[in-house]
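Inspection log for the structure reproduced underneath, given as structure tokens.
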Amino acid sequence: MSYTAILFLLDSSVRLAVPLLLAGLAGLYSERAGVVDIGLEGKMLGAAFAAAAAAAVTGSAWIGLLAAIGVSTAMSMIHALASINMRGNQIISGVALNFLALGTTIVLGDAWFKRGGITPTLSLDQRFGPIELPFVAEAANVPIIGELYVQLISGHNILVYVAFLAVPVTAWVLFKTRFGLRLRACGENPTALDTAGISVYFLRYKALVVTGVLCGLAGAYLSIGQGANFTDNMTAGRGFIALAALIFAKWRPWGLLNTCLLFGFLASLQIRLQGLELPGIGQVPVQAIQALPYILTVVLLAGLVGRAIPPKAIGQPYIKER
Amino acid sequence: MSARTELPRWVTLALMPALNVALAFVIGGLVVLAIGESPLEAIQILMFGAFGYGEGWGFTLHFATNFVFTGLAVALAYQAGLFNIGVEGQAYVAGLALVAGLAVDQIHWSVVLITTTLVAMALGAIWAAIPGYLQAKRGSHIVITTIMFNFIAAAFMSYMLTQVFSRPGANSETETLDAIGRLPLLREFMPFFGRSPVNITIFLAIAALIGVYYLIWHTKLGFKIRVLGQNPNAARYAGISAVSIIIITMALSGALAGMVAVNEAVGVQKRLIIGYVGGYGFVGIAVAFMGRSHPVGVLLAALLFGALFQGGQELNFEMPSVSSDLVVIIQALVILFTGAMSEMFRPALERLFIRAKPPPEKAVAPAPPANQPKSSGEQGSGQ
Amino acid sequence: MANSPPANDQRPSGAADSEYAVELVGINKSFGAVHANKNIDLKVKRGTVHGIVGENGAGKSTLMSILYGFYTADSGDIFVNGEKVSITDSRHALRLGIGMVHQHFMLVENFTVLENIILGAEDSALLTPSLARARAELATLAKDYSLEVDPDAVVEEVSVGHQQRVEILKALYRGAEVLVLDEPTGVLTPAEADHLFRILEQLREQGKTIIFITHKLREIMAITDSVSVMRQGEMVRTLATADTDPAELAELMVGRRVLLQVKKGAANPGETRLEVRDLVVKDEMGVVRVKGVNFEVKAGEIVGIAGVAGNGQSELLEAVSGMTAPVLGDVIVSGKRVSFHGDDGAGRLRKAGMAHVPEDRQRMGLVTSYEEWENSILGYESDKRYGAGLSLDIPAARNEARRRIEKFDIRPADCRLKTAKFSGGNQQKIVLAREMDRELEVLIVGQPTRGVDIGAIEFIHSQIIAMRDAGKAILLVSVELDEIRSLSDRILVMFDGNLIAEVDPADADERTLGLYMAGVEEPATESDAVAAP
Amino acid sequence: EPALIYDAAGKFDKSFNEMAFGGAEMYKAETGNDYSDLEISEDSQREQALRRFASRGANPIVVPGFTWAEPVAVVAAEFPDTNFAIIDAVVDAPNVRSVLFSEQEGTFLVGALAAMKTETGTVGFITAFDFPLLQAFGCGYVQGVKQINADVNVLQNFIGTGFDAFSDPNTANEIGISQLERGADVIFAAAGGAGEGALRAAAEAGKFGIGVDSNQNYLFPGNMLTSMVKRVDVAVANAFTDQLNGEFTAGTQIMNLESGGVSAAMDEFNEALITDEMRATLEDLTARIISGEIKVHDYRSDNSCPVS
Ligand SMILES: Nc1ncnc2c1ncn2[C@@H]1O[C@H](COP(=O)(O)OP(=O)(O)OP(=O)(O)O)[C@@H](O)[C@H]1O
Ligand SMILES: Nc1ncnc2c1ncn2[C@@H]1O[C@H](COP(=O)(O)OP(=O)(O)OP(=O)(O)O)[C@@H](O)[C@H]1O
Ligand SMILES: [Mg+2]
Ligand SMILES: [Mg+2]
């Protein structure tokens, strides 16, 4: 494999990792606060639709992004209402949101654009196009490093950079700020937080707003960043993979980055391995190659990564006796 | 002052769910209104479609049969504290039982039934027990592993159906069961059910409901499963082997998931096609949790979803502007209001019941405390 | 009820220099059908240590939680420094200078000490300055009150005493003038408790007010200025400590005379029932906590293991009872070596005739969401008497539970009640009844009376002695030196994973034992402890 | 009144269901007559849906998709006076018309065009998943490529492992990019709605895409080499109008190159991309296929492809 081919492979890994990363970080805020989120898929789907629809109507990617964040946050607030105020089952709430997004995006899309939920294809200026970083022209002449800079680092859309920036920011928020300290306490021992005079409900709401915003970014990336329109159910299980990545990473931001990059890498490797012929065996069934990322994940999980200990209070509604 | 009362059992078990379903329909009705149709008419069609005539009932029961299996699968695992998100994949792989059914196709339907049931349960059990084993022995989180196994199942079955068991000239599907081998439909002896696909597998679903109930609350294994689910430390203290309970429970859960293959693939489609499960496994998650992981709850939730699936299709047919996707929205609302927001009316009802029944306690203290009469429903609403 | 609640308007309003730091008037609080506080009055003088005693479930914690704003009273008034206040939440209580150390610590276990200290009292949106200030302040507080803690230690990795100091520091850091301590000594060793008392003395000297809840009358006598007694949600009496004695307090609490001294005859040891050979145990983190321990317990004797918490007793108990597999060594019950293969060792040991009352009943010994009868068969569910074959004979199990409820006087006498609804003392009785009321050879008991009131302690101790007299081999682990000394026939002292001394209870005064437990004095006789491999 | 029931993929799948809908609309526009249609959500509802329409007197009832074969066989027997038409499968009954497409002939042509257009000597094929019908698309395409130049390399990729792959344009886009990186400069995307992602990848890289089912040339003018058009719409409209005119016939109808059922789309959007020479070669190939001189292998006949 040539150096360029490797760069291409990594470049593709990055693009495939981004929606997982954004959704995974979204889940991180929610689950660190003690609220299980299996509705990442639905929020992403809703956001993807909102972004594509708004961008198609207004011609502005930024308005699309705002719409995505708005819709996803609104969905997150439904989740908050159900799982914080009403002490509902967080898993059912997530499942409900997934179905809600599935149905609503198609019904509204069909009503507005008459294409069965599919939104009009956006031109490059109506979505987030690739950004050329400074000095690309100069770097192109530098061997190895320059190529790496041009191919791998530069030329992504803004949401990619936002996603990668969100990792250190999350790590910083989580471990260096008051909000992060309380957030972590909230997922571990909400009663301790309560006795320290902090409202657990309010804090969980704040966390779920952040979750909504990040899921909005993830959805927007799918439909107006990497993609150019909305297609029904276009998230295709990415929300669930993001959830898996989050657990794999043991709810840690840097770990999540590594996991998402690994998932992205395996997914893009899989594409390139299709049609592989092995000496003696002949062509490997394409399904075996397609299953490879998932099988490897299972193997890695069983072999290398130790037990994932979730935040202790996760999934339980906080009930304050009065 | 808001001391918590214990509401009467009938309120928590019947009134509250009824209010929630009603609310879900009101909101769903608003959606119908928004697209310019009459909500009342829509509800009427939906109810009639699901329960109004024999064939409707038959379809409702047929779908409910699938949901009983997937719902029980999720519920049983959850009793052991395991979140089996992989029912979809387990049911999918179990579909290969149809191939075994084809092998005994020419003998008698009862042989097909027994063979496919055993094979489907075994395949589902294996597909679920591997994640169980990995969780128990290697600490791999069951949620990730079962999600991954759904994807692996999709790839595996794609290979099986396209490259191994495909009928030549057809598109990735197996041969069709011969008439001799087909499972009897209920309508063959109960014409009431019209042309509906509900078949004898429904009796297996009823048996599964009773069996799971008995297993969980009336056997030693069930006791151990619940101890593990409620307090893993207590399980270790009690000498209950978490490893074996996890593997056994997951295998049983997968076996229940596998039964979808008997009902859907063997009983109705009579052949195995790509993606035959069609989301029953994921709906099973909602069914299980709405049913509070209790067989009676699972039965009720499964009937509710069966009715929504059938009534929704009817609605789609009778009111062309109500698309099948709108029906999905209505289902989502039902899940949301009856599942996730099921406690919504509790505070209001508690206030209502406090006012309705003043404390009969003797007034000793000068300031009478809000002391509630011990209501009949001491156990609350189950877990 | 001592006096009728005075009308609110009779109170001198704005009397900021009231001699009372805290006054509670006519407090009522119900949880559903449970009337936890009935018209309670309580006055606490500034600069004093005020004790509160009462049986399990008397409503002590509830009352204090109301003062701390964690619960809201159904009715009644609270005055702080003579001013009427309505405390809506803990934040409010903290602002009024009320701090509380809860019975169950309110610490985030995977946080560092420092993080726990500042949680909720951060100075700014960024942590670094808060952490720095807290670190400095902690140093000062440590000096002023000899409250040493390691600010960077992770809470779950430090001893209980250490955790408690963190809780106290948390309150002081927030400027608490009134400090409520809910059963602070329940989990402390005598040395740690002494340390705590010195701290409390110092706090009192600085003018702080302390409310101190405990089940140990000795402690009440030692450090309080006045004491209130609660029973079944009511305030029975408030007395000056100098005017009372333990016997009177015990009688006020329980409503009858209580034996404060354990009565037991001489032991009559028979053949060896439990043998532990070269046992080496690692904890979950892979640290060696038991470093090659040897001992035996004979039929008809109680062997007590004394030691400061965290010296390997818990791990020893877990290994001997089969809950964790040791790295090395053997456990031999009635001459048979036990296999530790698999994760159900505890089950095999039960079959071999061992019963085990675990240290932590809530975390291990019970499934609190289960009904009482279900807990009454936990660990024995496979027994033939609860059904032949696979199914569970529920009527048989319930009947047995009812019989035990009667025999052990478990209250309320309802085997269908959720276990969580029983008080701590009764929960402990449920465990004891299950483990003791059966055919057994060896009984292992960890912290049998932790958090249990004196009435129940009396009962539990007499049961343990009755077991011994019936010829059972009993291994007792407790951090309560009194308990160890009064129950044991032989005392083994554990320090840093080794058994460093065997002491005869007759000549084991508190000081000697304390020194051994601190690992100070080398054992006089040769110990059978071996070094870690 | 005629009726149309879509397959599980739904009315707007950007593929043949949508084409079928287009056919019905065509009929409506031409004759001014109305029609009914329905989407099903569960597999077990097929018979019910067919029976509903039949008992309401709908005639004919057209269903696109091979998954309808079994239900149509059952219901057609129950309603001998109602006509049915099924697309992509054969049901042997006196009141059923079975319409089959020779997709491989159409993809053969676009393959030939791709081979003529490529400068890098590598072309790509992307489809939803490993599935005989879709493999038939690919196999015809490869045969067409090799017909022109046996040295041209064909990259083949699958998006997923089931029908949901049809709605994953992002993965298709990523696959498209990967094929471009591996040297492809013409990409044929036969993956319904998802395919657009791959076509976009080609267009944005200044390379060429080939659309499928309907004429997708308009999507990226200047970068769409052609589209392999499969006239499901014509099949539907024909069934409807035949019934209207009393000319409905049962039996198997083959929609191939000869009957205009499949073709390589030529319109104003790709005019500039097709040289006269290419056009001539295409016409020649078309004639030779129709005459039977070139036999395009159908993957479905033996579940294998002679070239790859
Ligand atoms: N959940 C809460 N309950 C009670 N008070 C709170 C809560 N959250 C914040 N506060 C207090 O309100 C004030 C401002 O809160 P704000 O939400 O702006 O910041 P924060 O959440 O505490 O921290 P950050 O700025 O890092 O998000 C602070 O004094 C803070 O202590
Ligand atoms: N949150 C709650 N919900 C319901 N009942 C409660 C709750 N908290 C306490 N109770 C009940 O109120 C009564 C008083 O409990 P409380 O915890 O105040 O007792 P306590 O005197 O502190 O006992 P202990 O010595 O065991 O700590 C008990 O019967 C208890 O079961
Ligand atoms: Mg803030
Ligand atoms: Mg208490």
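FYI, nothing fancy with the structure tokens labels: chains A, B, ... in order, residues from 1 per chain, ligands from 1 as they appear.
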Near-stretch 102-113 of chain B list (12 Å; only C-alpha atoms; drop same-chain fewer than 2 positions) as a ChimeraX atom specification: /B:95-100,115-121,165,174-185,199-201,203-204,259,261-263,265-267,270-272
At most 9 Å to chain B: residues in chain C, only C-alpha atoms, as number ranges by chain: C: 26, 28-35, 38-39, 72-76, 318, 321-324, 342-350, 356, 358, 361-370, 374, 378-382, 386-387, 389-394, 416-418
Contact residues (chain B, partner chain D, 10 Å, only C-alpha atoms) as a VMD selection string: chain B and resid 55 59 62 to 63 151 to 159 161 to 163 166 to 173 176 195 to 198 264 to 265 268 to 271 273 to 279 309 to 310 312 to 314 316 to 318 320 323 to 325 327 to 328
Environment of ligand 3 within 9 Å, counting only C-alpha atoms and all ligand atoms, reported as a PyMOL selection string: (chain A and resi 178-179+203+206) or (chain C and resi 125)
Please write the residues from the selection above to a file, keeping C-alpha atoms, as a JSON list (two decimals), in the first residue's frame.
[["chain", "number", "residue", "atom", "x", "y", "z"],
["A", 178, "ARG", "CA", -17.45, 23.51, 37.76],
["A", 179, "PHE", "CA", -20.06, 22.30, 35.34],
["A", 203, "LEU", "CA", -28.08, 20.01, 36.00],
["A", 206, "LYS", "CA", -28.25, 21.43, 31.18],
["C", 125, "ALA", "CA", -16.81, 28.35, 36.72]]
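Within 7 Å of chain A, and using only C-alpha atoms, the residues found on chain D are Lys11, Phe12, Asn157, Ser167, Asp168, Asn170, Ile175 and Gly197 of chain D.
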Given 7 Å and only C-alpha atoms and all ligand atoms, residues near ligand 4 as a list of chain:residue names: C:Asn56, C:Gly57, C:Gly59, C:Lys60, C:Ser61, C:Gln103, C:Asp182
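Considering only C-alpha atoms and all ligand atoms, the residue among A:Ser2, A:Thr195, A:Asn189, A:Gln316 positioned nearest to ligand 1 is A:Thr195.
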Counting only C-alpha atoms, chain A residues within 10 Å of chain C, as a ChimeraX atom specification: /A:172-173,175-182,184-199,311-312,320-322
Spatial neighbours of D:Val307, max dist 10 Å, only C-alpha atoms, sep filter under 6 positions, as a PyMOL selection string: chain D and resi 139-140+142-143+146+150+297
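Pairwise distance (atom CA of A:Leu183, atom CA of A:Phe202) equals 10.7 Å.
Among the candidate residues B:Val143, B:Ile114, B:Ala91, B:Leu349, the one lying nearest to chain A is B:Val143, with distances computed using only C-alpha atoms.
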DSSP-assigned helix (DSSP H, G or I) members of stretch 17-241 of chain B, reported as a PyMOL selection string: chain B and resi 17-34+39-52+54-79+87-94+97-103+109-138+142-164+179-181+186-188+191-193+201-218+220-230+232-238
Exercise: B:Leu82 partners within 8 Å, only C-alpha atoms, chain neighbours under 3 positions left out, as a list in words: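 The filter keeps Ala77, Tyr78, Gln79, Ile142, Gly229 and Ile246 of chain B.
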Distance query A:Ala52 at most 7 Å, only C-alpha atoms, self and fewer than 2 positions along chain excluded, as a PyMOL selection string: chain A and resi 48-50+54-56+64+119+223-224+229-230
Neighbours of chain B in chain A at 6 Å, counting only C-alpha atoms, as a list in words: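 Matching residues, ligands excluded from the count: Ala82, Met86, Gly88, Asn89, Ile92, Ser93, Ala96, Phe99, Leu100, Gly103, Ala244, Gln287, Ala291, Tyr294, Leu301, Ala302 and Arg307 of chain A.
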Secondary structure check, strand (DSSP E or B) residues of stretch 19-241 of chain D, as a PyMOL selection string: chain D and resi 36-38+61-64+84-87+96-101+122-127+153-158+186-190+208-213+224-230
Distance of atom CA of B:Thr60 from atom CA of B:Phe25, expressed in Å to one decimal place: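 These two atoms are separated by 18.1 Å.
With only C-alpha atoms and all ligand atoms as the atoms that count, the minimum distance from ligand 1 to the choices A:Ala166, A:Ala207, A:Val57, A:Ala137 is reached by A:Ala207.
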Shell of 6 Å around C:Leu274, only C-alpha atoms, local chain residues under 3 positions omitted, as a count of residues only: 4
